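Below is run-v1.txt, which holds compact mmCIF, C-alpha atoms.
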# COMPACT_ATOMS: atom_id res chain seq x y z
CA MET A 158 0.00 0.00 0.00
CA PRO A 159 1.39 3.45 -0.90
CA SER A 160 2.69 5.53 2.01
CA VAL A 161 0.36 8.17 3.46
CA GLN A 162 1.45 10.80 5.99
CA LEU A 163 -1.48 11.46 8.31
CA LEU A 164 -2.00 14.75 10.11
CA GLY A 165 -1.18 15.13 13.79
CA PRO A 166 -1.72 18.13 16.13
CA ALA A 167 1.37 20.01 14.94
CA GLU A 168 0.60 19.47 11.25
CA VAL A 169 -3.04 20.56 11.62
CA ARG A 170 -2.08 23.78 13.38
CA ALA A 171 0.71 24.46 10.89
CA LEU A 172 -1.67 24.04 7.94
CA ALA A 173 -4.21 26.35 9.54
CA ALA A 174 -1.55 28.97 10.25
CA GLU A 175 -0.21 28.73 6.70
CA MET A 176 -3.71 29.36 5.35
CA GLY A 177 -4.53 32.09 7.86
CA LEU A 178 -7.49 29.94 8.93
CA ARG A 179 -9.55 30.62 12.01
CA PRO A 180 -12.07 27.80 12.58
CA THR A 181 -15.67 29.06 12.54
CA LYS A 182 -18.74 27.81 14.38
CA GLN A 183 -20.83 28.70 11.31
CA HIS A 184 -19.29 25.82 9.35
CA GLY A 185 -18.90 23.55 12.37
CA GLN A 186 -15.13 23.54 11.99
CA ASN A 187 -13.56 21.27 14.59
CA PHE A 188 -10.61 19.46 13.02
CA VAL A 189 -9.50 15.97 14.08
CA ILE A 190 -5.86 16.05 15.18
CA ASP A 191 -5.41 12.38 16.17
CA PRO A 192 -4.23 9.90 13.48
CA ASN A 193 -5.51 6.93 15.50
CA THR A 194 -9.03 8.35 15.46
CA VAL A 195 -9.22 8.80 11.69
CA ARG A 196 -7.75 5.34 11.13
CA ARG A 197 -10.38 3.95 13.49
CA ILE A 198 -13.16 5.68 11.55
CA ALA A 199 -11.87 4.33 8.24
CA ARG A 200 -11.61 0.84 9.74
CA GLU A 201 -15.08 0.92 11.34
CA ALA A 202 -16.54 2.12 8.04
CA GLY A 203 -15.29 -1.08 6.43
CA VAL A 204 -14.09 0.59 3.23
CA GLY A 205 -11.31 -0.71 1.01
CA ALA A 206 -9.79 -0.60 -2.44
CA ASP A 207 -13.07 -1.49 -4.17
CA ASP A 208 -14.97 1.42 -2.63
CA VAL A 209 -15.76 4.89 -3.93
CA VAL A 210 -16.21 7.04 -0.85
CA VAL A 211 -18.05 10.34 -0.52
CA GLU A 212 -16.68 12.43 2.34
CA VAL A 213 -18.49 15.55 3.54
CA GLY A 214 -16.57 18.34 5.24
CA PRO A 215 -13.00 17.10 4.77
CA GLY A 216 -11.62 20.25 6.36
CA LEU A 217 -7.83 20.10 6.42
CA GLY A 218 -7.78 16.49 5.18
CA SER A 219 -7.24 14.38 8.31
CA LEU A 220 -9.94 11.80 7.54
CA THR A 221 -9.45 12.13 3.78
CA LEU A 222 -5.87 10.85 4.10
CA ALA A 223 -6.95 7.93 6.29
CA LEU A 224 -9.59 6.93 3.75
CA LEU A 225 -7.08 7.10 0.91
CA GLU A 226 -4.75 4.94 2.99
CA THR A 227 -7.31 2.11 2.73
CA GLY A 228 -6.96 2.17 -1.07
CA ALA A 229 -10.45 3.60 -1.61
CA ARG A 230 -11.25 6.36 -4.06
CA VAL A 231 -12.42 9.49 -2.23
CA THR A 232 -14.58 12.38 -3.42
CA ALA A 233 -14.67 15.15 -0.83
CA VAL A 234 -17.39 17.82 -0.62
CA GLU A 235 -16.21 21.06 1.00
CA VAL A 236 -18.28 24.23 1.42
CA ASP A 237 -15.47 26.50 2.66
CA PRO A 238 -13.61 27.95 -0.39
CA LEU A 239 -10.40 28.41 1.57
CA LEU A 240 -10.31 24.77 2.67
CA ALA A 241 -11.40 23.52 -0.75
CA GLU A 242 -8.56 25.41 -2.43
CA ALA A 243 -5.91 24.03 -0.04
CA LEU A 244 -6.99 20.40 0.18
CA PRO A 245 -5.65 19.10 -3.18
CA GLY A 246 -2.19 20.43 -2.29
CA THR A 247 -2.29 18.66 1.08
CA ILE A 248 -3.19 15.38 -0.63
CA ALA A 249 -0.42 15.85 -3.19
CA ARG A 250 2.19 16.42 -0.47
CA ARG A 251 1.10 13.75 1.99
CA ALA A 252 -0.21 11.02 -0.34
CA PRO A 253 1.49 11.72 -3.70
CA GLU A 254 0.92 8.24 -5.09
CA LEU A 255 -2.83 8.49 -4.47
CA VAL A 256 -3.62 11.85 -6.04
CA ASP A 257 -5.45 10.15 -8.91
CA ARG A 258 -7.78 8.47 -6.40
CA PHE A 259 -8.95 11.80 -4.97
CA SER A 260 -11.44 14.33 -6.32
CA LEU A 261 -13.06 17.41 -4.87
CA VAL A 262 -16.49 19.02 -5.14
CA SER A 263 -16.50 22.60 -3.89
CA GLY A 264 -20.00 23.32 -2.64
CA ASP A 265 -22.69 22.81 -0.02
CA ALA A 266 -23.46 19.14 0.62
CA LEU A 267 -27.08 20.10 1.33
CA ARG A 268 -27.47 21.45 -2.20
CA VAL A 269 -25.16 19.35 -4.33
CA GLY A 270 -27.03 16.98 -6.61
CA GLY A 271 -26.50 13.28 -6.97
CA ALA A 272 -25.58 13.60 -10.65
CA ASP A 273 -22.82 16.10 -9.87
CA LEU A 274 -21.42 13.90 -7.13
CA ALA A 275 -21.58 10.76 -9.24
CA ALA A 276 -19.75 12.54 -12.07
CA ALA A 277 -17.00 13.68 -9.70
CA CYS A 278 -16.66 10.15 -8.33
CA VAL A 279 -15.92 8.75 -11.83
CA SER A 280 -17.83 5.57 -10.89
CA ALA A 281 -20.89 5.10 -8.69
CA PRO A 282 -20.21 5.99 -5.03
CA THR A 283 -20.51 3.03 -2.66
CA ALA A 284 -19.84 4.53 0.78
CA LEU A 285 -20.40 7.69 2.80
CA VAL A 286 -17.87 8.44 5.54
CA ALA A 287 -17.77 11.84 7.17
CA ASN A 288 -17.21 14.00 10.20
CA LEU A 289 -20.48 15.86 9.73
CA PRO A 290 -20.92 19.45 10.94
CA TYR A 291 -23.11 19.22 14.03
CA ASN A 292 -25.62 21.87 12.97
CA VAL A 293 -26.61 20.19 9.69
CA SER A 294 -25.70 16.54 10.25
CA VAL A 295 -29.16 14.97 9.92
CA PRO A 296 -30.31 17.02 6.87
CA VAL A 297 -27.02 16.29 5.09
CA LEU A 298 -27.24 12.58 5.82
CA LEU A 299 -30.84 12.29 4.60
CA HIS A 300 -30.11 14.40 1.52
CA LEU A 301 -27.19 12.21 0.47
CA PHE A 302 -29.11 9.00 1.16
CA GLU A 303 -31.79 10.28 -1.21
CA GLU A 304 -29.44 11.64 -3.86
CA LEU A 305 -27.03 8.68 -3.94
CA PRO A 306 -28.99 5.40 -4.03
CA THR A 307 -25.84 3.45 -4.94
CA LEU A 308 -24.41 3.97 -1.44
CA ARG A 309 -24.15 0.62 0.34
CA GLN A 310 -22.49 1.37 3.69
CA GLY A 311 -20.62 3.93 5.70
CA LEU A 312 -20.01 5.68 8.97
CA VAL A 313 -20.58 9.22 10.17
CA MET A 314 -19.31 11.09 13.19
CA VAL A 315 -21.94 13.40 14.69
CA GLN A 316 -22.82 14.97 18.01
CA ALA A 317 -23.34 12.19 20.57
CA GLU A 318 -27.01 13.03 21.13
CA VAL A 319 -27.66 12.96 17.38
CA ALA A 320 -25.87 9.61 17.12
CA ASP A 321 -28.20 8.24 19.81
CA ARG A 322 -31.26 9.51 17.94
CA LEU A 323 -30.17 8.14 14.57
CA ALA A 324 -29.55 4.66 15.95
CA ALA A 325 -32.49 4.55 18.38
CA PRO A 326 -35.09 1.75 18.07
CA PRO A 327 -38.84 2.37 18.38
CA GLY A 328 -39.95 2.83 21.96
CA SER A 329 -36.67 4.22 23.28
CA LYS A 330 -36.38 7.67 24.86
CA THR A 331 -34.20 9.03 22.06
CA TYR A 332 -36.33 7.70 19.20
CA GLY A 333 -37.76 10.43 17.00
CA VAL A 334 -38.01 11.96 13.54
CA PRO A 335 -34.30 11.42 12.62
CA SER A 336 -34.55 7.76 13.68
CA VAL A 337 -37.58 7.07 11.49
CA LYS A 338 -36.46 8.98 8.41
CA ALA A 339 -32.97 7.45 8.45
CA ALA A 340 -34.56 3.99 8.73
CA TRP A 341 -36.27 4.60 5.37
CA TYR A 342 -32.83 4.31 3.77
CA ALA A 343 -30.59 2.29 6.09
CA ASP A 344 -30.05 0.09 9.11
CA LEU A 345 -28.07 2.16 11.60
CA ARG A 346 -26.17 1.30 14.77
CA ARG A 347 -23.99 3.07 17.31
CA ALA A 348 -20.33 2.29 16.60
CA GLY A 349 -18.65 3.97 19.55
CA SER A 350 -17.77 7.37 20.98
CA VAL A 351 -15.05 9.91 20.20
CA SER A 352 -13.37 12.08 22.82
CA ARG A 353 -13.69 15.81 22.36
CA GLN A 354 -9.95 16.02 23.07
CA VAL A 355 -9.08 14.70 19.59
CA PHE A 356 -10.42 17.90 18.00
CA TRP A 357 -8.97 21.35 17.48
CA PRO A 358 -10.50 23.56 18.66
CA VAL A 359 -12.02 21.38 21.39
CA PRO A 360 -15.84 21.38 20.98
CA ASN A 361 -18.16 21.72 23.95
CA VAL A 362 -20.06 18.54 23.02
CA ASP A 363 -19.17 14.87 22.76
CA SER A 364 -19.18 12.97 19.46
CA GLY A 365 -20.50 9.58 18.48
CA LEU A 366 -20.03 7.22 15.56
CA VAL A 367 -22.97 5.80 13.62
CA ALA A 368 -22.38 2.94 11.18
CA TRP A 369 -24.99 2.16 8.59
CA THR A 370 -25.80 -0.31 5.82
CA HIS A 371 -28.17 0.31 2.93
CA ARG A 372 -31.68 -1.08 2.96
CA GLU A 373 -34.24 -0.80 0.22
CA PRO A 374 -37.00 1.71 1.02
CA PRO A 375 -40.31 0.09 1.95
CA ALA A 376 -42.35 -1.07 -1.03
CA THR A 377 -45.30 1.31 -1.23
CA SER A 378 -47.35 3.34 -3.69
CA VAL A 379 -47.05 6.38 -1.40
CA SER A 380 -44.20 8.81 -2.00
CA ARG A 381 -41.37 9.20 0.45
CA ALA A 382 -42.50 12.81 0.97
CA GLY A 383 -45.97 11.58 1.89
CA VAL A 384 -44.65 9.10 4.44
CA PHE A 385 -42.32 11.71 5.92
CA ALA A 386 -45.26 14.14 6.27
CA VAL A 387 -46.97 11.53 8.45
CA VAL A 388 -43.80 11.08 10.51
CA ASP A 389 -43.50 14.83 11.10
CA ALA A 390 -47.14 15.11 12.12
CA ALA A 391 -46.85 12.18 14.54
CA PHE A 392 -43.89 13.77 16.36
CA ALA A 393 -44.98 17.43 16.16
CA GLN A 394 -46.31 17.19 19.71
CA ARG A 395 -44.90 14.11 21.41
CA ARG A 396 -47.52 13.95 24.14
CA LYS A 397 -50.37 13.69 21.66
CA THR A 398 -51.84 10.34 20.74
CA LEU A 399 -51.81 9.47 17.07
CA ARG A 400 -55.56 10.03 16.77
CA ALA A 401 -54.98 13.69 17.69
CA ALA A 402 -51.61 14.17 16.02
CA LEU A 403 -52.83 12.96 12.62
CA ARG A 404 -56.13 14.86 12.68
CA PRO A 405 -54.81 17.69 10.46
CA LEU A 406 -53.80 15.17 7.78
CA ALA A 407 -56.93 13.02 8.02
CA GLY A 408 -59.41 15.90 8.24
CA SER A 409 -61.04 15.06 11.57
CA THR A 410 -60.50 12.97 14.68
CA ASP A 411 -63.00 10.34 13.48
CA ALA A 412 -61.23 10.10 10.14
CA SER A 413 -57.88 9.83 11.92
CA VAL A 414 -59.14 6.94 14.06
CA ALA A 415 -60.50 5.16 10.98
CA VAL A 416 -57.18 5.58 9.13
CA LEU A 417 -55.21 4.18 12.07
CA GLN A 418 -57.55 1.24 12.53
CA ARG A 419 -57.32 0.32 8.86
CA ALA A 420 -53.51 0.51 9.17
CA GLY A 421 -53.57 -1.82 12.17
CA VAL A 422 -52.25 0.85 14.55
CA ASP A 423 -53.72 1.67 17.97
CA PRO A 424 -55.24 5.19 17.74
CA ASP A 425 -54.19 5.82 21.37
CA ALA A 426 -50.53 4.97 20.68
CA ARG A 427 -47.89 7.67 20.20
CA GLY A 428 -45.48 8.10 17.32
CA GLU A 429 -42.42 7.02 19.31
CA VAL A 430 -43.56 3.37 19.39
CA LEU A 431 -43.98 3.01 15.61
CA GLY A 432 -41.43 1.76 13.09
CA ILE A 433 -41.04 3.00 9.53
CA GLU A 434 -43.31 0.23 8.20
CA ASP A 435 -46.10 1.40 10.52
CA PHE A 436 -45.84 4.94 9.16
CA VAL A 437 -45.96 3.58 5.62
CA ARG A 438 -49.20 1.71 6.34
CA ILE A 439 -50.73 4.84 7.84
CA ALA A 440 -49.72 6.94 4.82
CA GLU A 441 -51.26 4.36 2.51
CA GLU A 442 -54.62 4.74 4.27
CA LEU A 443 -54.67 8.54 4.20
CA PRO A 444 -56.10 10.63 1.35
CA ALA A 445 -53.51 11.67 -1.23
CA LEU A 446 -50.79 13.59 0.57
CA ASP A 447 -49.38 16.78 -0.84
CA PRO A 448 -45.54 16.49 -1.06
CA ALA A 449 -45.39 20.23 -0.42
CA LEU A 450 -46.75 19.77 3.11
CA PRO A 451 -44.46 21.10 5.82
CA GLY A 452 -42.02 18.32 6.61
CA GLY A 453 -42.90 16.46 3.46
CA GLY A 454 -39.28 16.59 2.26
CA PRO A 455 -36.12 15.08 3.77
What do you get writing this file as structure tokens?
Amino acid sequence: MPSVQLLGPAEVRALAAEMGLRPTKQHGQNFVIDPNTVRRIAREAGVGADDVVVEVGPGLGSLTLALLETGARVTAVEVDPLLAEALPGTIARRAPELVDRFSLVSGDALRVGGADLAAACVSAPTALVANLPYNVSVPVLLHLFEELPTLRQGLVMVQAEVADRLAAPPGSKTYGVPSVKAAWYADLRRAGSVSRQVFWPVPNVDSGLVAWTHREPPATSVSRAGVFAVVDAAFAQRRKTLRAALRPLAGSTDASVAVLQRAGVDPDARGEVLGIEDFVRIAEELPALDPALPGGGP
């Protein structure tokens, strides 16, 4: 395997100083400074030479280099123009034999389209591995799941509380909208924790790892947007029973009860006990849902 020089604390700070970079909260810029951590992420993600990895928020390149070290192809998506401009040079200096396995998309991962990403990847992307900015982690994850159906597996690092929500099963205290919507696309599990001390600057929150594997969306005639509208309504007010929470979608409480009964769901249950398949059955029994409903998107 070609030699790769990973970034440690001194190298990260030197790169930032050379660029005149001051990490900003706006872009969630907390850079990993521990080589063991990025190697662990690459290992837990299970990627190798046959994979085409999409990485969001590569920053100074710490995780990017560890992913390249596995032999995988890596396409990084970076929103900060300063970081995007510097990253190819870092790869060229620290992994010169792997430059041809790296590509860069300069833009916002929330807005980049699947076609643009697939074109940058040369071949269909198979994995998503990223240290996701805490403030947009769930929207970015859901957007890329939707835009890149060829993704088969991956691992993301997010705020610990978000990691708990993404991997939560129905009925647990942390189960909610992110849990259900992510389950439309993937099976997710907690894959460990990451100390805040491996970041520069040190964040004021802990981080968690979430591993995932692709699953086919439920077979249904209802659109994803329609099902997600039901999910959002069910969790809009957690203390409400489903008969009350779904009344705006069904038209009346009586209609809501009838919909739930036809779907085989207890009208007095609450959204946090239902799995994605339950929400699909409910959506199938409702009148045609408008995809433009609030929450009807990712």
Could you name the residues that touch A:Pro238 at 10 Å or less, counting only C-alpha atoms, but leaving out those on the same chain fewer than 4 positions away, as JSON, numbers by chain?
-> {"A": [242, 243, 263, 264]}
For A:Asp425, please output as a ChimeraX atom specification all residues within 8 Å (counting only C-alpha atoms; exclusion window: fewer than 2 positions along the same chain).
-> /A:398-400,423,427
Excluding same-chain residues fewer than 3 positions from stretch 343-350 of chain A, what lies within 6 Å of it counting all atoms listed in the file, as a PDB file with C-alpha atoms, keeping the file's coordinate frame?
ATOM      1  CA  ALA A 324     -29.550   4.660  15.950  1.00  0.00           C
ATOM      2  CA  ALA A 340     -34.560   3.990   8.730  1.00  0.00           C
ATOM      3  CA  SER A 364     -19.180  12.970  19.460  1.00  0.00           C
ATOM      4  CA  GLY A 365     -20.500   9.580  18.480  1.00  0.00           C
ATOM      5  CA  LEU A 366     -20.030   7.220  15.560  1.00  0.00           C
ATOM      6  CA  VAL A 367     -22.970   5.800  13.620  1.00  0.00           C
ATOM      7  CA  ALA A 368     -22.380   2.940  11.180  1.00  0.00           C
ATOM      8  CA  TRP A 369     -24.990   2.160   8.590  1.00  0.00           C
ATOM      9  CA  THR A 370     -25.800  -0.310   5.820  1.00  0.00           C
ATOM     10  CA  HIS A 371     -28.170   0.310   2.930  1.00  0.00           C
ATOM     11  CA  ARG A 372     -31.680  -1.080   2.960  1.00  0.00           C
TER      12      ARG A 372
END
Measuring atom to atom with only C-alpha atoms, identify which of A:Leu178, A:Val204, A:Leu239, A:Ala199 is nearest to A:Gln310.
-> A:Val204
May I ask for the distance between atom CA of A:Gly270 and atom CA of A:Leu301, given in Å to one decimal place?
->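 These two atoms are separated by 8.5 Å.
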Closest to A:Leu163 among A:Val430, A:Leu298, A:Ala272, A:Leu217, using all atoms listed in the file?
-> A:Leu217
Skipping near chain neighbours, those fewer than 2 positions away, what residues fall within 10 Å of stretch 285-288 of chain A using all atoms listed in the file, listed as a PDB file with C-alpha atoms, in the coordinates of the input?
ATOM      1  CA  GLY A 185     -18.900  23.550  12.370  1.00  0.00           C
ATOM      2  CA  GLN A 186     -15.130  23.540  11.990  1.00  0.00           C
ATOM      3  CA  ASN A 187     -13.560  21.270  14.590  1.00  0.00           C
ATOM      4  CA  PHE A 188     -10.610  19.460  13.020  1.00  0.00           C
ATOM      5  CA  VAL A 189      -9.500  15.970  14.080  1.00  0.00           C
ATOM      6  CA  VAL A 195      -9.220   8.800  11.690  1.00  0.00           C
ATOM      7  CA  ILE A 198     -13.160   5.680  11.550  1.00  0.00           C
ATOM      8  CA  ALA A 199     -11.870   4.330   8.240  1.00  0.00           C
ATOM      9  CA  GLU A 201     -15.080   0.920  11.340  1.00  0.00           C
ATOM     10  CA  ALA A 202     -16.540   2.120   8.040  1.00  0.00           C
ATOM     11  CA  GLY A 203     -15.290  -1.080   6.430  1.00  0.00           C
ATOM     12  CA  VAL A 204     -14.090   0.590   3.230  1.00  0.00           C
ATOM     13  CA  ASP A 208     -14.970   1.420  -2.630  1.00  0.00           C
ATOM     14  CA  VAL A 209     -15.760   4.890  -3.930  1.00  0.00           C
ATOM     15  CA  VAL A 210     -16.210   7.040  -0.850  1.00  0.00           C
ATOM     16  CA  VAL A 211     -18.050  10.340  -0.520  1.00  0.00           C
ATOM     17  CA  GLU A 212     -16.680  12.430   2.340  1.00  0.00           C
ATOM     18  CA  VAL A 213     -18.490  15.550   3.540  1.00  0.00           C
ATOM     19  CA  GLY A 214     -16.570  18.340   5.240  1.00  0.00           C
ATOM     20  CA  PRO A 215     -13.000  17.100   4.770  1.00  0.00           C
ATOM     21  CA  GLY A 216     -11.620  20.250   6.360  1.00  0.00           C
ATOM     22  CA  LEU A 220      -9.940  11.800   7.540  1.00  0.00           C
ATOM     23  CA  THR A 221      -9.450  12.130   3.780  1.00  0.00           C
ATOM     24  CA  LEU A 224      -9.590   6.930   3.750  1.00  0.00           C
ATOM     25  CA  VAL A 231     -12.420   9.490  -2.230  1.00  0.00           C
ATOM     26  CA  THR A 232     -14.580  12.380  -3.420  1.00  0.00           C
ATOM     27  CA  ALA A 233     -14.670  15.150  -0.830  1.00  0.00           C
ATOM     28  CA  VAL A 234     -17.390  17.820  -0.620  1.00  0.00           C
ATOM     29  CA  PRO A 282     -20.210   5.990  -5.030  1.00  0.00           C
ATOM     30  CA  THR A 283     -20.510   3.030  -2.660  1.00  0.00           C
ATOM     31  CA  PRO A 290     -20.920  19.450  10.940  1.00  0.00           C
ATOM     32  CA  TYR A 291     -23.110  19.220  14.030  1.00  0.00           C
ATOM     33  CA  SER A 294     -25.700  16.540  10.250  1.00  0.00           C
ATOM     34  CA  LEU A 298     -27.240  12.580   5.820  1.00  0.00           C
ATOM     35  CA  LEU A 301     -27.190  12.210   0.470  1.00  0.00           C
ATOM     36  CA  PHE A 302     -29.110   9.000   1.160  1.00  0.00           C
ATOM     37  CA  LEU A 305     -27.030   8.680  -3.940  1.00  0.00           C
ATOM     38  CA  LEU A 308     -24.410   3.970  -1.440  1.00  0.00           C
ATOM     39  CA  ARG A 309     -24.150   0.620   0.340  1.00  0.00           C
ATOM     40  CA  GLN A 310     -22.490   1.370   3.690  1.00  0.00           C
ATOM     41  CA  GLY A 311     -20.620   3.930   5.700  1.00  0.00           C
ATOM     42  CA  LEU A 312     -20.010   5.680   8.970  1.00  0.00           C
ATOM     43  CA  VAL A 313     -20.580   9.220  10.170  1.00  0.00           C
ATOM     44  CA  MET A 314     -19.310  11.090  13.190  1.00  0.00           C
ATOM     45  CA  VAL A 315     -21.940  13.400  14.690  1.00  0.00           C
ATOM     46  CA  GLN A 316     -22.820  14.970  18.010  1.00  0.00           C
ATOM     47  CA  SER A 364     -19.180  12.970  19.460  1.00  0.00           C
ATOM     48  CA  GLY A 365     -20.500   9.580  18.480  1.00  0.00           C
ATOM     49  CA  LEU A 366     -20.030   7.220  15.560  1.00  0.00           C
ATOM     50  CA  VAL A 367     -22.970   5.800  13.620  1.00  0.00           C
ATOM     51  CA  ALA A 368     -22.380   2.940  11.180  1.00  0.00           C
ATOM     52  CA  TRP A 369     -24.990   2.160   8.590  1.00  0.00           C
TER      53      TRP A 369
END
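Going from atom CA of A:Asn193 to atom CA of A:Leu164 covers 10.1 Å.
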Separation of atom CA of A:Gly432 and atom CA of A:Gly408, in Å?
-> 23.4 Å
Need the axis-aligned box for stretch 410-414 of chain A with 5 Å each side, so what are the centre and edges in Å to one decimal, as lines of an AutoDock Vina configuration file?
center_x = -60.4
center_y = 10.0
center_z = 12.4
size_x = 15.1
size_y = 16.0
size_z = 14.5
Residues around (-7.0, 8.9, -9.4), cut-off 10 Å, counting only C-alpha atoms - what are they as a ChimeraX atom specification?
-> /A:230-231,254-260,278-279
Rank nothing, just name the residue among A:Pro405, A:Gly228, A:Gly333, A:Gly421 nearest to A:Arg200, using only C-alpha atoms.
->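 Of all the options, A:Gly228 lies closest to A:Arg200.
Here the question is which of A:Gly246, A:Ile190, A:Glu304, A:Ala276 gets nearest to A:Met176 using only C-alpha atoms, and that residue is A:Gly246.
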